[in-house]
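Trainee: Structure below; questions to follow.
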Amino acid sequence: MPKDKRKRKTFAAKADKYDLYQQSVQEPECEVEFFDKAFEEQFGRTALLLREDFCGTAAVCCEWVKSQKDRRAIGVDLDPEPIDWCRNHTFSKLKSEQQDRITFILDDVRKQLDEKAEIISAQNFSFFLFTTRDELRGYFESARDNLADEGLLVLDMMGGSEVFLDDHSDVTEKDDFTYEWEQATFDPITHHCKFHIHFKFPDGSKLKKAFTYEWRLWTLPEVCELLREAGYSEVHVYWEGVDDDGEGDGVFTRATCGTADPAWVAYVIAVNAG
Ligand SMILES: C[S@@+](CC[C@H](N)C(=O)[O-])C[C@H]1O[C@@H](n2cnc3c(N)ncnc32)[C@H](O)[C@@H]1O
């Protein structure tokens, strides 16, 4: 076959969706930095055992064991695919003694484990997949049972008027692809919503609906109330500061009132004090 007739694979066909996801969505160093700050503020010391619920590609587990030699991490996810991806990518780049300090559990996050973690993290809004108060309170209760006597559940949340829209997209240009976060549907009566992640490439090819999430968009007061109902002794919201241009500066501090930003991300921590 002449060279020019040979069918070239498009960028989309060659793309690795988990790699693109990590480049677009995740900042594990920032997560670990925040966990350290929140735990230190609450208990005046550093934590050693992290459990990453809904771990997916377990980027936070890998970062956690890199951050200190005596730290261990447990990653929990139902889906073997992202965990296998982690084993072949992020995990395989760790030193073997770091790998030895990570355990993967292929199971439901509500599973009770023998080991109680000092921090349980549930990042990238994953708990939004629990769509009723009973289901969400049930998850918060089981997480509390999985926490050590001095333990923190760390959640992230998003909100703001832009989130209560449908047919709305945020597009970010990366070096060699475009990342699109599409809010496809939002129902104001149930707060049920559907999001897609799409990737686009310089050759015009696309990876449409690389990831789809069907969630309930919980609000901060609902989540804080449910955490208290689930028995946590304290619940704190960490709100992001702003730089001189009014953009988020990545620094989250405890707050009891926020500003009505049209699109915000915040952390919520819930304390188990034994
Ligand atoms: C939005 S992804 C988040 C991945 C990762 N935490 C992150 O920050 O990017 C949600 C993950 O939760 C997992 N998942 C959904 N329901 C689960 C459950 N009940 N127990 C454990 N994992 C679950 C899915 O397999 C998926 O990997």
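By convention in this document, the chains of the structure tokens carry letters A, B, ... by their order, each chain's residues are numbered from 1, and ligands are numbered from 1 in the order they are shown.
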Could you please extract the residues within 6 Å of ligand 1, counting only C-alpha atoms and all ligand atoms, and hand them back as a ChimeraX atom specification?
Mentor: /A:54-56,76-79,107-109,123-124,126
Trainee: Could you tell me, as a ChimeraX atom specification, which residues of region 4-175 of chain A DSSP assigns to alpha helix (DSSP H) when given the backbone?
Mentor: /A:11-14,17-25,28-43,59-67,80-88,96-99,133-145
Trainee: In Å, how far is it from CA of Gly258 (chain A) to CA of Gly160 (chain A)?
Mentor: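 Between these atoms lies a distance of 10.9 Å.
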Trainee: Enter the distance from CA of Gln112 (chain A) to CA of Leu147 (chain A), in Å, rounded to one decimal.
Mentor: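 Result for CA of Gln112 (chain A) versus CA of Leu147 (chain A): 9.9 Å, one decimal.
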Trainee: Pull the strand (DSSP E or B) assignments for region 7-182 of chain A out of DSSP run on the backbone, and list those residues as a PyMOL selection string.
Mentor: chain A and resi 49-53+72-77+102-106+117-122+147-159+168-173+178-182
Trainee: Give me the residues near Leu153 (chain A) as a PDB file with N, CA and C atoms, in the first residue's frame, where near means some atom within 10 Å (using only C-alpha atoms) and where sequence neighbours in that chain fewer than 2 positions away do not count.
Mentor:
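That gives us selection_2.pdb:
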```pdb
ATOM      1  N   PHE A  35      -4.680  17.869  52.990  1.00  0.00           N
ATOM      2  CA  PHE A  35      -4.956  16.891  54.062  1.00  0.00           C
ATOM      3  C   PHE A  35      -4.027  17.142  55.252  1.00  0.00           C
ATOM      4  N   PHE A  39      -5.432  18.138  58.926  1.00  0.00           N
ATOM      5  CA  PHE A  39      -5.213  17.194  60.030  1.00  0.00           C
ATOM      6  C   PHE A  39      -4.400  17.855  61.133  1.00  0.00           C
ATOM      7  N   ARG A  51      -6.956   6.493  53.678  1.00  0.00           N
ATOM      8  CA  ARG A  51      -7.794   5.638  52.835  1.00  0.00           C
ATOM      9  C   ARG A  51      -8.426   6.534  51.783  1.00  0.00           C
ATOM     10  N   ALA A 117      -8.498   4.128  59.241  1.00  0.00           N
ATOM     11  CA  ALA A 117      -7.639   5.165  58.664  1.00  0.00           C
ATOM     12  C   ALA A 117      -7.723   6.450  59.482  1.00  0.00           C
ATOM     13  N   GLU A 118      -6.633   7.223  59.454  1.00  0.00           N
ATOM     14  CA  GLU A 118      -6.675   8.541  60.120  1.00  0.00           C
ATOM     15  C   GLU A 118      -7.351   9.571  59.215  1.00  0.00           C
ATOM     16  N   ILE A 119      -7.195   9.386  57.912  1.00  0.00           N
ATOM     17  CA  ILE A 119      -7.902  10.258  56.957  1.00  0.00           C
ATOM     18  C   ILE A 119      -8.599   9.371  55.940  1.00  0.00           C
ATOM     19  N   ILE A 120      -9.878   9.642  55.708  1.00  0.00           N
ATOM     20  CA  ILE A 120     -10.564   9.051  54.553  1.00  0.00           C
ATOM     21  C   ILE A 120     -10.873  10.204  53.614  1.00  0.00           C
ATOM     22  N   SER A 121     -10.419  10.089  52.366  1.00  0.00           N
ATOM     23  CA  SER A 121     -10.712  11.155  51.407  1.00  0.00           C
ATOM     24  C   SER A 121     -11.654  10.622  50.336  1.00  0.00           C
ATOM     25  N   ALA A 122     -12.556  11.482  49.908  1.00  0.00           N
ATOM     26  CA  ALA A 122     -13.473  11.151  48.797  1.00  0.00           C
ATOM     27  C   ALA A 122     -13.446  12.367  47.884  1.00  0.00           C
ATOM     28  N   PHE A 140     -21.665   8.232  55.039  1.00  0.00           N
ATOM     29  CA  PHE A 140     -20.926   9.002  56.044  1.00  0.00           C
ATOM     30  C   PHE A 140     -20.772   8.194  57.344  1.00  0.00           C
ATOM     31  N   ALA A 143     -18.161   5.511  56.778  1.00  0.00           N
ATOM     32  CA  ALA A 143     -16.822   6.124  56.769  1.00  0.00           C
ATOM     33  C   ALA A 143     -16.384   6.412  58.203  1.00  0.00           C
ATOM     34  N   ARG A 144     -17.303   6.869  59.042  1.00  0.00           N
ATOM     35  CA  ARG A 144     -16.932   7.163  60.446  1.00  0.00           C
ATOM     36  C   ARG A 144     -16.495   5.882  61.153  1.00  0.00           C
ATOM     37  N   ASN A 146     -15.049   3.516  59.777  1.00  0.00           N
ATOM     38  CA  ASN A 146     -13.745   3.136  59.208  1.00  0.00           C
ATOM     39  C   ASN A 146     -12.621   4.073  59.633  1.00  0.00           C
ATOM     40  N   LEU A 147     -12.959   5.085  60.448  1.00  0.00           N
ATOM     41  CA  LEU A 147     -11.940   6.057  60.863  1.00  0.00           C
ATOM     42  C   LEU A 147     -11.366   5.718  62.238  1.00  0.00           C
ATOM     43  N   GLY A 151      -9.724  10.940  63.673  1.00  0.00           N
ATOM     44  CA  GLY A 151      -9.810  10.743  62.229  1.00  0.00           C
ATOM     45  C   GLY A 151     -10.593  11.840  61.536  1.00  0.00           C
ATOM     46  N   LEU A 155     -13.891  15.724  52.201  1.00  0.00           N
ATOM     47  CA  LEU A 155     -14.693  15.712  50.972  1.00  0.00           C
ATOM     48  C   LEU A 155     -14.401  16.979  50.189  1.00  0.00           C
ATOM     49  N   LEU A 227     -23.625  15.127  57.710  1.00  0.00           N
ATOM     50  CA  LEU A 227     -22.418  14.684  58.433  1.00  0.00           C
ATOM     51  C   LEU A 227     -22.671  14.740  59.944  1.00  0.00           C
ATOM     52  N   TYR A 232     -20.559  12.772  63.382  1.00  0.00           N
ATOM     53  CA  TYR A 232     -19.255  13.440  63.471  1.00  0.00           C
ATOM     54  C   TYR A 232     -19.335  14.547  64.524  1.00  0.00           C
ATOM     55  N   VAL A 235     -17.841  19.588  62.105  1.00  0.00           N
ATOM     56  CA  VAL A 235     -17.826  19.670  60.636  1.00  0.00           C
ATOM     57  C   VAL A 235     -17.343  21.070  60.280  1.00  0.00           C
ATOM     58  N   VAL A 268     -14.823  20.044  52.640  1.00  0.00           N
ATOM     59  CA  VAL A 268     -15.551  19.870  53.897  1.00  0.00           C
ATOM     60  C   VAL A 268     -14.801  18.795  54.671  1.00  0.00           C
ATOM     61  N   ILE A 269     -14.521  19.088  55.947  1.00  0.00           N
ATOM     62  CA  ILE A 269     -13.926  18.023  56.760  1.00  0.00           C
ATOM     63  C   ILE A 269     -14.875  17.685  57.902  1.00  0.00           C
ATOM     64  N   ALA A 270     -14.938  16.396  58.229  1.00  0.00           N
ATOM     65  CA  ALA A 270     -15.782  15.939  59.330  1.00  0.00           C
ATOM     66  C   ALA A 270     -14.879  15.183  60.295  1.00  0.00           C
ATOM     67  N   VAL A 271     -15.034  15.510  61.575  1.00  0.00           N
ATOM     68  CA  VAL A 271     -14.093  15.011  62.578  1.00  0.00           C
ATOM     69  C   VAL A 271     -14.692  13.850  63.341  1.00  0.00           C
ATOM     70  N   ASN A 272     -13.927  12.757  63.432  1.00  0.00           N
ATOM     71  CA  ASN A 272     -14.270  11.684  64.337  1.00  0.00           C
ATOM     72  C   ASN A 272     -13.330  11.804  65.525  1.00  0.00           C
TER      73      ASN A 272
END
```
Trainee: Of the residues A:Asp70, A:Asp175, A:Glu225, A:Glu182, which is the one nearest to Leu20 (chain A), using only C-alpha atoms?
Mentor: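 Once distances to Leu20 (chain A) are computed over only C-alpha atoms, the minimum belongs to A:Asp175.
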Trainee: If we count only C-alpha atoms and set the cut-off at 7 Å, which residues sit around Ser205 (chain A), ignoring sequence neighbours fewer than 5 positions away in its own chain? Please answer as a list in words.
Mentor: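 Returned residues: Thr10, Phe11, Ala12 and Lys200 of chain A.
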Trainee: Go ahead and write the residues just picked, N, CA and C atoms, as a short mmCIF file (atom, residue, chain, number, x, y, z; two decimals), in the first residue's frame.
Mentor:
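As a result, part14.cif now contains:
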```cif
data_model
loop_
_atom_site.label_atom_id
_atom_site.label_comp_id
_atom_site.auth_asym_id
_atom_site.auth_seq_id
_atom_site.Cartn_x
_atom_site.Cartn_y
_atom_site.Cartn_z
N THR A 10 -5.90 8.46 14.42
CA THR A 10 -6.09 9.82 14.92
C THR A 10 -5.50 9.93 16.33
N PHE A 11 -5.31 11.19 16.77
CA PHE A 11 -4.85 11.40 18.16
C PHE A 11 -5.84 10.77 19.13
N ALA A 12 -7.13 10.90 18.82
CA ALA A 12 -8.15 10.37 19.74
C ALA A 12 -8.03 8.85 19.85
N LYS A 200 -10.51 16.97 23.06
CA LYS A 200 -10.38 17.27 21.63
C LYS A 200 -8.90 17.47 21.32
#
```
Trainee: Tell me which of A:Cys224, A:Cys62, A:Leu106, A:Leu50 sits closest to Ile83 (chain A), counting only C-alpha atoms.
Mentor: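 Closest to Ile83 (chain A), using only C-alpha atoms: A:Leu106.
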Trainee: At what distance in Å, to one decimal, does CA of Asp36 (chain A) lie from CA of Asp249 (chain A)?
Mentor: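 So the answer is 17.9 Å.
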Trainee: So, counting only C-alpha atoms, which residue among A:Arg101, A:Lys93, A:Arg71, A:Arg137 is closest to Gly231 (chain A)?
Mentor: A:Arg137
Trainee: Per residue of region 12-91 of chain A within 12 Å of region 166-172 of chain A, note the shortest atom pair and the distance in Å to one decimal, counting only C-alpha atoms, and order the rows by chain and increasing residue number, as a Markdown table.
Mentor:
```
| residue | atom | partner | partner_atom | distance |
| --- | --- | --- | --- | --- |
| A:Gln23 | CA | A:Thr172 | CA | 11.3 |
| A:Ser24 | CA | A:Thr172 | CA | 8.4 |
| A:Val25 | CA | A:Thr172 | CA | 10.6 |
```
Trainee: Can you write just those residues out, C-alpha atoms, as an mmCIF file, in the first residue's frame?
Mentor:
```cif
data_model
loop_
_atom_site.group_PDB
_atom_site.id
_atom_site.type_symbol
_atom_site.label_atom_id
_atom_site.label_comp_id
_atom_site.auth_asym_id
_atom_site.auth_seq_id
_atom_site.Cartn_x
_atom_site.Cartn_y
_atom_site.Cartn_z
ATOM 1 C CA GLN A 23 -3.553 15.788 33.428
ATOM 2 C CA SER A 24 -6.883 17.643 33.392
ATOM 3 C CA VAL A 25 -8.628 16.935 36.643
#
```
